[in-house]
$ cat structure_35.cif   # mmCIF, C-alpha atoms and all ligand atoms
data_structure
#
loop_
_atom_site.group_PDB
_atom_site.id
_atom_site.type_symbol
_atom_site.label_atom_id
_atom_site.label_comp_id
_atom_site.auth_asym_id
_atom_site.auth_seq_id
_atom_site.Cartn_x
_atom_site.Cartn_y
_atom_site.Cartn_z
ATOM 1 C CA MET A 12 182.956 -220.303 -85.654
ATOM 2 C CA PRO A 13 179.421 -221.633 -86.194
ATOM 3 C CA ARG A 14 178.673 -222.824 -89.700
ATOM 4 C CA ALA A 15 177.146 -220.105 -91.930
ATOM 5 C CA PRO A 16 173.521 -220.750 -92.922
ATOM 6 C CA ALA A 17 172.701 -221.634 -96.515
ATOM 7 C CA VAL A 18 171.738 -218.538 -98.514
ATOM 8 C CA ALA A 19 169.206 -218.582 -101.377
ATOM 9 C CA ARG A 20 168.858 -215.593 -103.681
ATOM 10 C CA THR A 21 166.801 -217.010 -106.538
ATOM 11 C CA LEU A 22 163.534 -218.963 -106.603
ATOM 12 C CA PRO A 23 165.117 -222.148 -108.045
ATOM 13 C CA SER A 24 167.784 -222.151 -105.333
ATOM 14 C CA LEU A 25 165.125 -221.480 -102.668
ATOM 15 C CA ARG A 26 163.106 -224.433 -103.978
ATOM 16 C CA ARG A 27 166.138 -226.749 -103.837
ATOM 17 C CA ALA A 28 166.993 -225.598 -100.303
ATOM 18 C CA LEU A 29 163.379 -226.085 -99.153
ATOM 19 C CA GLU A 30 163.294 -229.612 -100.553
ATOM 20 C CA SER A 31 166.265 -230.597 -98.453
ATOM 21 C CA LEU A 32 164.933 -228.744 -95.353
ATOM 22 C CA ARG A 33 161.556 -230.435 -95.685
ATOM 23 C CA ALA A 34 163.048 -233.923 -95.926
ATOM 24 C CA ARG A 35 161.932 -236.291 -93.179
ATOM 25 C CA GLY A 36 158.856 -234.268 -92.251
ATOM 26 C CA ALA A 37 160.581 -231.281 -90.658
ATOM 27 C CA THR A 38 158.410 -228.362 -89.543
ATOM 28 C CA VAL A 39 159.500 -225.012 -90.931
ATOM 29 C CA ALA A 40 159.342 -221.565 -89.299
ATOM 30 C CA LEU A 41 159.803 -218.314 -91.218
ATOM 31 C CA VAL A 42 161.039 -215.056 -89.684
ATOM 32 C CA PRO A 43 160.540 -212.198 -92.179
ATOM 33 C CA THR A 44 162.924 -209.244 -91.676
ATOM 34 C CA MET A 45 164.425 -206.305 -93.502
ATOM 35 C CA GLY A 46 167.883 -207.077 -92.086
ATOM 36 C CA ALA A 47 169.972 -204.707 -89.899
ATOM 37 C CA LEU A 48 169.344 -207.369 -87.293
ATOM 38 C CA HIS A 49 169.253 -206.652 -83.558
ATOM 39 C CA ASP A 50 168.217 -208.571 -80.445
ATOM 40 C CA GLY A 51 164.524 -208.007 -81.253
ATOM 41 C CA HIS A 52 164.921 -209.985 -84.477
ATOM 42 C CA LEU A 53 166.957 -212.608 -82.626
ATOM 43 C CA ALA A 54 164.107 -213.092 -80.137
ATOM 44 C CA LEU A 55 161.906 -214.070 -83.096
ATOM 45 C CA VAL A 56 164.582 -216.524 -84.261
ATOM 46 C CA HIS A 57 164.844 -218.097 -80.795
ATOM 47 C CA GLN A 58 161.044 -218.522 -80.631
ATOM 48 C CA ALA A 59 161.149 -220.028 -84.113
ATOM 49 C CA LYS A 60 163.788 -222.541 -83.061
ATOM 50 C CA ARG A 61 161.675 -223.576 -80.089
ATOM 51 C CA ARG A 62 158.581 -224.107 -82.221
ATOM 52 C CA ALA A 63 159.897 -225.693 -85.433
ATOM 53 C CA SER A 64 162.706 -227.993 -86.479
ATOM 54 C CA LYS A 65 163.995 -225.748 -89.283
ATOM 55 C CA VAL A 66 164.216 -221.950 -89.359
ATOM 56 C CA ILE A 67 164.283 -219.669 -92.398
ATOM 57 C CA VAL A 68 165.026 -215.956 -91.992
ATOM 58 C CA SER A 69 164.182 -213.741 -94.933
ATOM 59 C CA ILE A 70 166.115 -210.517 -95.430
ATOM 60 C CA PHE A 71 164.466 -208.229 -97.950
ATOM 61 C CA VAL A 72 164.134 -204.452 -97.770
ATOM 62 C CA ASN A 73 160.745 -204.226 -99.412
ATOM 63 C CA PRO A 74 160.459 -201.114 -101.606
ATOM 64 C CA THR A 75 156.658 -201.276 -101.866
ATOM 65 C CA GLN A 76 156.123 -200.549 -98.175
ATOM 66 C CA PHE A 77 158.066 -197.276 -98.349
ATOM 67 C CA ALA A 78 156.536 -194.053 -99.678
ATOM 68 C CA PRO A 79 158.780 -192.037 -102.055
ATOM 69 C CA HIS A 80 159.674 -189.569 -99.263
ATOM 70 C CA GLU A 81 160.576 -192.350 -96.802
ATOM 71 C CA ASP A 82 163.935 -193.986 -96.032
ATOM 72 C CA PHE A 83 164.152 -196.917 -98.498
ATOM 73 C CA GLY A 84 167.473 -195.630 -99.936
ATOM 74 C CA SER A 85 169.117 -194.997 -96.581
ATOM 75 C CA TYR A 86 167.625 -197.969 -94.677
ATOM 76 C CA PRO A 87 170.563 -199.640 -92.847
ATOM 77 C CA ARG A 88 171.969 -202.650 -94.703
ATOM 78 C CA THR A 89 174.406 -204.786 -92.668
ATOM 79 C CA TRP A 90 174.538 -208.091 -94.561
ATOM 80 C CA LYS A 91 177.819 -209.503 -93.169
ATOM 81 C CA ALA A 92 176.936 -208.818 -89.539
ATOM 82 C CA ASP A 93 173.427 -210.186 -90.122
ATOM 83 C CA VAL A 94 174.717 -213.497 -91.499
ATOM 84 C CA ALA A 95 177.196 -213.815 -88.612
ATOM 85 C CA ARG A 96 174.371 -213.372 -86.092
ATOM 86 C CA LEU A 97 172.164 -215.874 -87.928
ATOM 87 C CA ALA A 98 175.045 -218.379 -88.013
ATOM 88 C CA GLU A 99 175.472 -218.004 -84.271
ATOM 89 C CA ALA A 100 171.722 -218.574 -83.824
ATOM 90 C CA ARG A 101 172.004 -221.700 -86.020
ATOM 91 C CA VAL A 102 169.462 -220.584 -88.577
ATOM 92 C CA ASP A 103 169.103 -223.112 -91.408
ATOM 93 C CA LEU A 104 168.423 -220.881 -94.396
ATOM 94 C CA VAL A 105 168.542 -217.193 -95.301
ATOM 95 C CA TRP A 106 166.178 -216.125 -98.089
ATOM 96 C CA ASN A 107 167.616 -212.969 -99.635
ATOM 97 C CA PRO A 108 165.847 -212.282 -102.939
ATOM 98 C CA GLY A 109 166.655 -209.271 -105.085
ATOM 99 C CA VAL A 110 163.995 -206.677 -105.927
ATOM 100 C CA GLY A 111 163.824 -208.106 -109.470
ATOM 101 C CA THR A 112 163.048 -211.570 -108.100
ATOM 102 C CA MET A 113 160.231 -210.294 -105.895
ATOM 103 C CA TYR A 114 158.866 -207.782 -108.396
ATOM 104 C CA PRO A 115 159.809 -208.866 -111.917
ATOM 105 C CA PRO A 116 158.901 -206.605 -114.844
ATOM 106 C CA GLY A 117 155.146 -206.609 -115.349
ATOM 107 C CA PHE A 118 154.363 -207.326 -111.682
ATOM 108 C CA ALA A 119 150.781 -206.077 -111.254
ATOM 109 C CA THR A 120 149.140 -207.690 -108.228
ATOM 110 C CA ARG A 121 148.621 -206.388 -104.718
ATOM 111 C CA ILE A 122 146.853 -207.710 -101.631
ATOM 112 C CA LEU A 123 144.219 -205.232 -100.469
ATOM 113 C CA THR A 124 143.981 -205.079 -96.677
ATOM 114 C CA GLU A 125 141.033 -203.882 -94.633
ATOM 115 C CA GLY A 126 139.889 -204.463 -91.029
ATOM 116 C CA PRO A 127 142.924 -204.020 -88.754
ATOM 117 C CA ALA A 128 144.800 -202.374 -91.646
ATOM 118 C CA ALA A 129 142.203 -199.579 -91.671
ATOM 119 C CA ALA A 130 142.143 -198.945 -87.915
ATOM 120 C CA GLY A 131 143.316 -195.336 -88.291
ATOM 121 C CA LEU A 132 146.753 -195.829 -86.707
ATOM 122 C CA GLU A 133 149.788 -196.488 -88.958
ATOM 123 C CA ASP A 134 147.501 -196.518 -92.001
ATOM 124 C CA ARG A 135 146.572 -192.871 -91.346
ATOM 125 C CA PHE A 136 150.204 -191.750 -91.619
ATOM 126 C CA ARG A 137 151.575 -194.411 -93.999
ATOM 127 C CA PRO A 138 148.665 -195.199 -96.359
ATOM 128 C CA HIS A 139 150.893 -197.255 -98.696
ATOM 129 C CA PHE A 140 152.311 -199.376 -95.883
ATOM 130 C CA PHE A 141 149.999 -202.335 -95.224
ATOM 131 C CA GLY A 142 149.323 -203.032 -98.894
ATOM 132 C CA GLY A 143 153.092 -203.328 -99.373
ATOM 133 C CA VAL A 144 153.552 -205.452 -96.263
ATOM 134 C CA ALA A 145 150.638 -207.803 -97.002
ATOM 135 C CA THR A 146 151.781 -208.325 -100.585
ATOM 136 C CA VAL A 147 155.383 -209.083 -99.683
ATOM 137 C CA VAL A 148 154.448 -211.291 -96.707
ATOM 138 C CA GLY A 149 151.916 -213.123 -98.886
ATOM 139 C CA LYS A 150 154.686 -213.765 -101.409
ATOM 140 C CA LEU A 151 157.154 -214.874 -98.710
ATOM 141 C CA PHE A 152 154.548 -217.321 -97.371
ATOM 142 C CA ALA A 153 153.872 -218.669 -100.878
ATOM 143 C CA GLN A 154 157.594 -219.014 -101.608
ATOM 144 C CA CYS A 155 158.673 -220.594 -98.302
ATOM 145 C CA ARG A 156 155.432 -222.405 -97.344
ATOM 146 C CA PRO A 157 156.245 -222.248 -93.605
ATOM 147 C CA ASP A 158 154.178 -223.992 -90.942
ATOM 148 C CA ILE A 159 154.574 -221.006 -88.645
ATOM 149 C CA ALA A 160 155.766 -217.422 -89.039
ATOM 150 C CA LEU A 161 156.986 -215.121 -86.292
ATOM 151 C CA PHE A 162 156.292 -211.392 -86.072
ATOM 152 C CA GLY A 163 157.150 -208.875 -83.360
ATOM 153 C CA GLN A 164 154.554 -207.118 -81.235
ATOM 154 C CA LYS A 165 156.760 -204.063 -81.828
ATOM 155 C CA ASP A 166 154.776 -203.601 -85.059
ATOM 156 C CA TYR A 167 151.498 -204.334 -83.324
ATOM 157 C CA GLN A 168 149.072 -203.329 -86.072
ATOM 158 C CA GLN A 169 151.195 -205.197 -88.635
ATOM 159 C CA LEU A 170 150.986 -208.349 -86.497
ATOM 160 C CA LYS A 171 147.176 -208.078 -86.546
ATOM 161 C CA VAL A 172 147.110 -207.403 -90.311
ATOM 162 C CA VAL A 173 149.319 -210.389 -91.127
ATOM 163 C CA THR A 174 147.400 -212.684 -88.761
ATOM 164 C CA ARG A 175 144.140 -211.655 -90.448
ATOM 165 C CA MET A 176 145.567 -212.088 -93.945
ATOM 166 C CA ALA A 177 146.926 -215.581 -93.229
ATOM 167 C CA ALA A 178 143.506 -216.644 -91.915
ATOM 168 C CA ASP A 179 141.471 -214.885 -94.634
ATOM 169 C CA LEU A 180 143.507 -216.342 -97.512
ATOM 170 C CA ASP A 181 143.748 -219.843 -95.967
ATOM 171 C CA LEU A 182 147.512 -219.681 -96.217
ATOM 172 C CA GLY A 183 147.962 -222.532 -93.729
ATOM 173 C CA VAL A 184 150.535 -220.576 -91.715
ATOM 174 C CA LYS A 185 150.190 -220.067 -87.972
ATOM 175 C CA VAL A 186 151.242 -216.491 -87.186
ATOM 176 C CA VAL A 187 152.901 -216.123 -83.785
ATOM 177 C CA GLY A 188 153.493 -212.760 -82.060
ATOM 178 C CA VAL A 189 156.644 -212.212 -79.986
ATOM 179 C CA PRO A 190 156.941 -209.609 -77.165
ATOM 180 C CA ILE A 191 158.923 -206.409 -77.717
ATOM 181 C CA VAL A 192 162.651 -206.495 -76.902
ATOM 182 C CA ARG A 193 163.869 -203.227 -75.368
ATOM 183 C CA GLU A 194 167.135 -201.498 -74.608
ATOM 184 C CA ARG A 195 167.964 -201.220 -70.889
ATOM 185 C CA ASP A 196 166.421 -197.740 -70.746
ATOM 186 C CA GLY A 197 163.135 -198.967 -72.257
ATOM 187 C CA LEU A 198 163.563 -197.857 -75.873
ATOM 188 C CA ALA A 199 162.121 -200.539 -78.164
ATOM 189 C CA MET A 200 164.891 -201.993 -80.323
ATOM 190 C CA SER A 201 164.588 -200.961 -83.956
ATOM 191 C CA SER A 202 166.842 -200.961 -87.010
ATOM 192 C CA ARG A 203 165.968 -197.255 -87.307
ATOM 193 C CA ASN A 204 167.429 -196.366 -83.883
ATOM 194 C CA VAL A 205 170.827 -195.920 -85.598
ATOM 195 C CA TYR A 206 169.402 -192.749 -87.189
ATOM 196 C CA LEU A 207 169.133 -191.065 -83.769
ATOM 197 C CA SER A 208 171.719 -188.439 -82.738
ATOM 198 C CA SER A 209 173.006 -188.829 -79.189
ATOM 199 C CA GLY A 210 170.665 -186.060 -78.013
ATOM 200 C CA GLN A 211 167.676 -187.721 -79.694
ATOM 201 C CA ARG A 212 168.718 -191.128 -78.345
ATOM 202 C CA ALA A 213 168.677 -189.677 -74.837
ATOM 203 C CA VAL A 214 165.040 -188.541 -75.116
ATOM 204 C CA ALA A 215 163.791 -191.531 -77.151
ATOM 205 C CA PRO A 216 162.936 -193.662 -74.058
ATOM 206 C CA THR A 217 160.305 -191.013 -73.197
ATOM 207 C CA LEU A 218 157.849 -192.958 -75.366
ATOM 208 C CA HIS A 219 158.093 -196.103 -73.261
ATOM 209 C CA ARG A 220 158.173 -194.139 -69.993
ATOM 210 C CA VAL A 221 154.990 -192.262 -70.934
ATOM 211 C CA MET A 222 153.197 -195.457 -71.938
ATOM 212 C CA LYS A 223 154.192 -197.275 -68.759
ATOM 213 C CA ASP A 224 153.020 -194.341 -66.659
ATOM 214 C CA ALA A 225 149.769 -194.102 -68.638
ATOM 215 C CA ALA A 226 149.100 -197.824 -68.219
ATOM 216 C CA ARG A 227 149.651 -197.553 -64.465
ATOM 217 C CA ARG A 228 147.325 -194.538 -64.146
ATOM 218 C CA LEU A 229 144.635 -196.277 -66.194
ATOM 219 C CA ARG A 230 144.838 -199.367 -64.007
ATOM 220 C CA ASN A 231 144.462 -197.039 -61.010
ATOM 221 C CA GLY A 232 141.160 -195.792 -62.419
ATOM 222 C CA GLU A 233 142.071 -192.407 -63.946
ATOM 223 C CA SER A 234 140.115 -191.349 -67.012
ATOM 224 C CA LEU A 235 141.399 -192.346 -70.423
ATOM 225 C CA GLU A 236 140.965 -188.847 -71.767
ATOM 226 C CA THR A 237 143.125 -187.210 -69.087
ATOM 227 C CA VAL A 238 145.827 -189.874 -69.185
ATOM 228 C CA ILE A 239 146.141 -189.758 -72.979
ATOM 229 C CA ALA A 240 146.164 -185.937 -73.039
ATOM 230 C CA ASP A 241 148.890 -185.796 -70.350
ATOM 231 C CA GLY A 242 150.975 -188.407 -72.176
ATOM 232 C CA ALA A 243 150.658 -186.595 -75.504
ATOM 233 C CA ARG A 244 151.787 -183.350 -73.833
ATOM 234 C CA THR A 245 154.847 -185.020 -72.227
ATOM 235 C CA ILE A 246 155.844 -186.573 -75.561
ATOM 236 C CA GLY A 247 155.542 -183.191 -77.300
ATOM 237 C CA ASP A 248 157.481 -181.415 -74.509
ATOM 238 C CA ALA A 249 160.322 -183.933 -74.937
ATOM 239 C CA GLY A 250 160.783 -182.728 -78.529
ATOM 240 C CA PHE A 251 158.715 -185.227 -80.502
ATOM 241 C CA VAL A 252 156.130 -184.446 -83.146
ATOM 242 C CA LEU A 253 153.347 -186.838 -82.223
ATOM 243 C CA ASP A 254 151.538 -188.790 -84.960
ATOM 244 C CA TYR A 255 149.259 -190.592 -82.503
ATOM 245 C CA PHE A 256 149.025 -191.778 -78.913
ATOM 246 C CA GLU A 257 145.896 -193.887 -78.548
ATOM 247 C CA ALA A 258 144.217 -196.559 -76.503
ATOM 248 C CA ARG A 259 142.689 -199.345 -78.587
ATOM 249 C CA HIS A 260 141.128 -202.745 -78.056
ATOM 250 C CA ALA A 261 144.115 -205.110 -78.022
ATOM 251 C CA GLU A 262 142.495 -207.594 -80.427
ATOM 252 C CA THR A 263 140.224 -205.596 -82.747
ATOM 253 C CA LEU A 264 142.130 -202.271 -82.549
ATOM 254 C CA ALA A 265 138.734 -200.540 -82.192
ATOM 255 C CA PRO A 266 138.781 -197.284 -80.158
ATOM 256 C CA VAL A 267 137.933 -197.714 -76.468
ATOM 257 C CA ARG A 268 136.478 -195.234 -74.004
ATOM 258 C CA SER A 269 137.717 -196.870 -70.823
ATOM 259 C CA ILE A 270 139.764 -199.882 -69.827
ATOM 260 C CA LYS A 271 136.479 -201.643 -69.118
ATOM 261 C CA ASP A 272 136.133 -201.917 -72.927
ATOM 262 C CA GLY A 273 139.456 -203.832 -72.989
ATOM 263 C CA PRO A 274 141.823 -205.643 -73.072
ATOM 264 C CA VAL A 275 143.482 -202.342 -73.976
ATOM 265 C CA ARG A 276 146.709 -201.655 -75.842
ATOM 266 C CA LEU A 277 148.343 -198.212 -75.880
ATOM 267 C CA LEU A 278 149.982 -197.408 -79.210
ATOM 268 C CA VAL A 279 152.255 -194.496 -80.062
ATOM 269 C CA ALA A 280 154.017 -193.133 -83.145
ATOM 270 C CA ALA A 281 156.142 -189.999 -82.977
ATOM 271 C CA ARG A 282 158.845 -188.280 -84.973
ATOM 272 C CA ILE A 283 162.040 -186.876 -83.549
ATOM 273 C CA GLY A 284 164.007 -184.982 -86.178
ATOM 274 C CA THR A 285 163.590 -187.083 -89.303
ATOM 275 C CA THR A 286 163.257 -190.402 -87.454
ATOM 276 C CA ARG A 287 159.854 -191.928 -86.823
ATOM 277 C CA LEU A 288 159.519 -194.288 -83.843
ATOM 278 C CA ILE A 289 156.600 -196.552 -82.937
ATOM 279 C CA ASP A 290 155.907 -198.461 -79.743
ATOM 280 C CA ASN A 291 153.062 -200.030 -77.792
ATOM 281 C CA ILE A 292 152.246 -201.590 -74.446
ATOM 282 C CA GLY A 293 149.461 -203.652 -72.885
ATOM 283 C CA VAL A 294 147.456 -202.076 -70.028
HETATM 284 P P1 LIG A 301 161.873 -205.317 -89.529
HETATM 285 O O1 LIG A 301 163.185 -205.884 -89.942
HETATM 286 O O2 LIG A 301 161.993 -204.034 -88.773
HETATM 287 O O3 LIG A 301 160.853 -205.305 -90.636
HETATM 288 O O4 LIG A 301 161.287 -206.319 -88.448
HETATM 289 C C1 LIG A 301 161.178 -207.691 -88.706
HETATM 290 C C2 LIG A 301 160.398 -208.336 -87.604
HETATM 291 O O5 LIG A 301 161.060 -208.124 -86.359
HETATM 292 C C3 LIG A 301 158.986 -207.747 -87.445
HETATM 293 O O6 LIG A 301 158.071 -208.802 -87.174
HETATM 294 C C4 LIG A 301 159.140 -206.839 -86.254
HETATM 295 O O7 LIG A 301 157.942 -206.635 -85.524
HETATM 296 C C5 LIG A 301 160.150 -207.605 -85.421
HETATM 297 N N1 LIG A 301 160.820 -206.689 -84.494
HETATM 298 C C6 LIG A 301 161.473 -205.551 -84.793
HETATM 299 N N2 LIG A 301 161.920 -204.953 -83.675
HETATM 300 C C7 LIG A 301 161.527 -205.728 -82.633
HETATM 301 C C8 LIG A 301 161.662 -205.642 -81.206
HETATM 302 N N3 LIG A 301 162.294 -204.633 -80.632
HETATM 303 N N4 LIG A 301 161.129 -206.623 -80.453
HETATM 304 C C9 LIG A 301 160.464 -207.660 -81.051
HETATM 305 N N5 LIG A 301 160.300 -207.802 -82.378
HETATM 306 C C10 LIG A 301 160.819 -206.849 -83.158
#
$ encode --input "structure_35.cif" --output "structure tokens" --more "lines below"
Ligand code: AMP
Amino acid sequence: MPRAPAVARTLPSLRRALESLRARGATVALVPTMGALHDGHLALVHQAKRRASKVIVSIFVNPTQFAPHEDFGSYPRTWKADVARLAEARVDLVWNPGVGTMYPPGFATRILTEGPAAAGLEDRFRPHFFGGVATVVGKLFAQCRPDIALFGQKDYQQLKVVTRMAADLDLGVKVVGVPIVRERDGLAMSSRNVYLSSGQRAVAPTLHRVMKDAARRLRNGESLETVIADGARTIGDAGFVLDYFEARHAETLAPVRSIKDGPVRLLVAARIGTTRLIDNIGV
């Protein structure tokens, strides 16, 4: 049995743990998560281990990035299994603050995000989301003072928002993006995939299939308009309610009219039943 990582739940215990981690000039990587860990999260941990001598994983289901009608209450929480996986991956420290530690009474400050956070993708459907993410990630960076932090390309717009924030606020953290880890049938791994019924799970890989097909057709010179319209129709026919399926500039997230305006990233968000899935792919 690998040794369990140290766990800090309060700021004083985090500070003590950081002091001992930082001894002898170690470099520190932070992997922020909401728990319910899967192989996508573990890919971030493995990258972190390659790039820094000590690895902290934070597990905090952040209430401020959920709207009242969203799934904060039912979000999967699998603490014991998470710690076992982090022990196996030889993570050094788990930062698991309570809501009262992150947002004590009187808490009244938020980071306001613009630029990539106002690209008209996730922000159009979850207007509360990036303010909540930027504020909690800003706090995690201030608390853990990592040299690098790892984020998945799965949440592509979030990766751009956090990268921008770290640069804009001179946080001294290098933000590193990690490619999407998928199930064998192409579905992007997500803690929310457990919400899918078996019927929904069977159609869920449609999103990746449509994006792969769209990317291939675009590379073959077909028009963006046609390819996006066909993809949107296929996603709808499979039983999804589509929030968006768009081609954007991979760096700025600005709309593009053809792949000549690229590099291009295709991004999709769609709901099946009550579950909302997001995914993206490079062209
Ligand atoms: P979450 O716990 O869902 O907030 O995700 C924590 C981090 O893991 C975020 O940076 C996500 O982008 C990343 N992540 C989640 N799923 C995947 C995946 N399938 N592949 C790569 N990274 C992922």
$ resolve_selection --input "structure_35.cif" --expression "the PyMOL selection byres (((not hetatm)) within 10 of (chain A and resi 301))" --output "PyMOL selection string"
chain A and resi 42-56+68-73+144+160-170+173+187-194+198-203+289-290
$ closest_residue --input "structure_35.cif" --among "A:Pro74, A:Gly131, A:Gly284, A:Pro87" --to "Ala258 (chain A)" --atoms "only C-alpha atoms"
A:Gly131
$ residues_around --input "structure_35.cif" --residues "Val221 (chain A)" --least-positions-apart "2" --cutoff "10 Å" --atoms "all atoms listed in the file" --output "list in words"
Pro216, Thr217, Leu218, His219, Lys223, Asp224, Ala225, Ala226, Arg227, Val238, Ile239, Asp241, Gly242, Ala243, Arg244, Thr245, Ile246, Phe256 and Val279 of chain A
$ axis_aligned_box --input "structure_35.cif" --around "region 113-122 of chain A" --padding-each-side "4 Å" --output "lines of an AutoDock Vina configuration file"
center_x = 153.5
center_y = -208.2
center_z = -108.5
size_x = 21.4
size_y = 12.2
size_z = 21.7
$ closest_residue --input "structure_35.cif" --among "A:Ala119, A:Val252, A:Ala130, A:Ala40" --to "Phe152 (chain A)" --atoms "all atoms listed in the file"
A:Ala40
$ atom_distance --input "structure_35.cif" --atom1 "CA of Leu264 (chain A)" --atom2 "CA of Lys171 (chain A)"
8.7 Å
$ decode --input "structure_35.cif" --residues "region 218-265 of chain A" --atoms "C-alpha atoms" --output "tab-separated table (two decimals), in the first residue's frame"
chain	number	residue	atom	x	y	z
A	218	LEU	CA	-19.95	14.70	-29.49
A	219	HIS	CA	-16.39	13.54	-30.09
A	220	ARG	CA	-17.33	11.67	-33.28
A	221	VAL	CA	-18.99	14.79	-34.72
A	222	MET	CA	-16.02	16.99	-33.85
A	223	LYS	CA	-13.51	14.56	-35.34
A	224	ASP	CA	-15.55	14.33	-38.52
A	225	ALA	CA	-15.94	18.12	-38.67
A	226	ALA	CA	-12.20	18.64	-38.20
A	227	ARG	CA	-11.45	16.20	-41.01
A	228	ARG	CA	-13.94	17.87	-43.39
A	229	LEU	CA	-12.54	21.31	-42.58
A	230	ARG	CA	-9.01	20.14	-43.28
A	231	ASN	CA	-10.31	18.78	-46.60
A	232	GLY	CA	-11.50	22.27	-47.53
A	233	GLU	CA	-15.26	22.14	-46.88
A	234	SER	CA	-16.90	25.35	-45.75
A	235	LEU	CA	-17.09	26.09	-42.04
A	236	GLU	CA	-20.75	27.00	-42.26
A	237	THR	CA	-21.80	23.68	-43.82
A	238	VAL	CA	-19.63	21.56	-41.54
A	239	ILE	CA	-20.87	23.27	-38.37
A	240	ALA	CA	-24.52	23.10	-39.49
A	241	ASP	CA	-24.22	19.37	-40.30
A	242	GLY	CA	-22.51	18.67	-36.96
A	243	ALA	CA	-25.15	20.60	-35.01
A	244	ARG	CA	-27.89	18.61	-36.78
A	245	THR	CA	-26.22	15.24	-35.99
A	246	ILE	CA	-25.82	16.21	-32.33
A	247	GLY	CA	-29.50	17.22	-32.13
A	248	ASP	CA	-30.63	14.02	-33.92
A	249	ALA	CA	-28.71	11.95	-31.36
A	250	GLY	CA	-30.94	13.38	-28.61
A	251	PHE	CA	-28.87	16.29	-27.31
A	252	VAL	CA	-30.05	19.83	-26.74
A	253	LEU	CA	-27.17	21.83	-28.17
A	254	ASP	CA	-25.88	24.89	-26.29
A	255	TYR	CA	-23.18	25.63	-28.87
A	256	PHE	CA	-21.00	24.01	-31.51
A	257	GLU	CA	-18.50	26.58	-32.75
A	258	ALA	CA	-15.17	27.07	-34.43
A	259	ARG	CA	-12.93	29.59	-32.68
A	260	HIS	CA	-9.36	30.80	-32.85
A	261	ALA	CA	-7.47	28.35	-30.63
A	262	GLU	CA	-5.60	31.11	-28.76
A	263	THR	CA	-7.88	34.16	-28.67
A	264	LEU	CA	-11.22	32.28	-28.88
A	265	ALA	CA	-12.34	34.90	-31.43
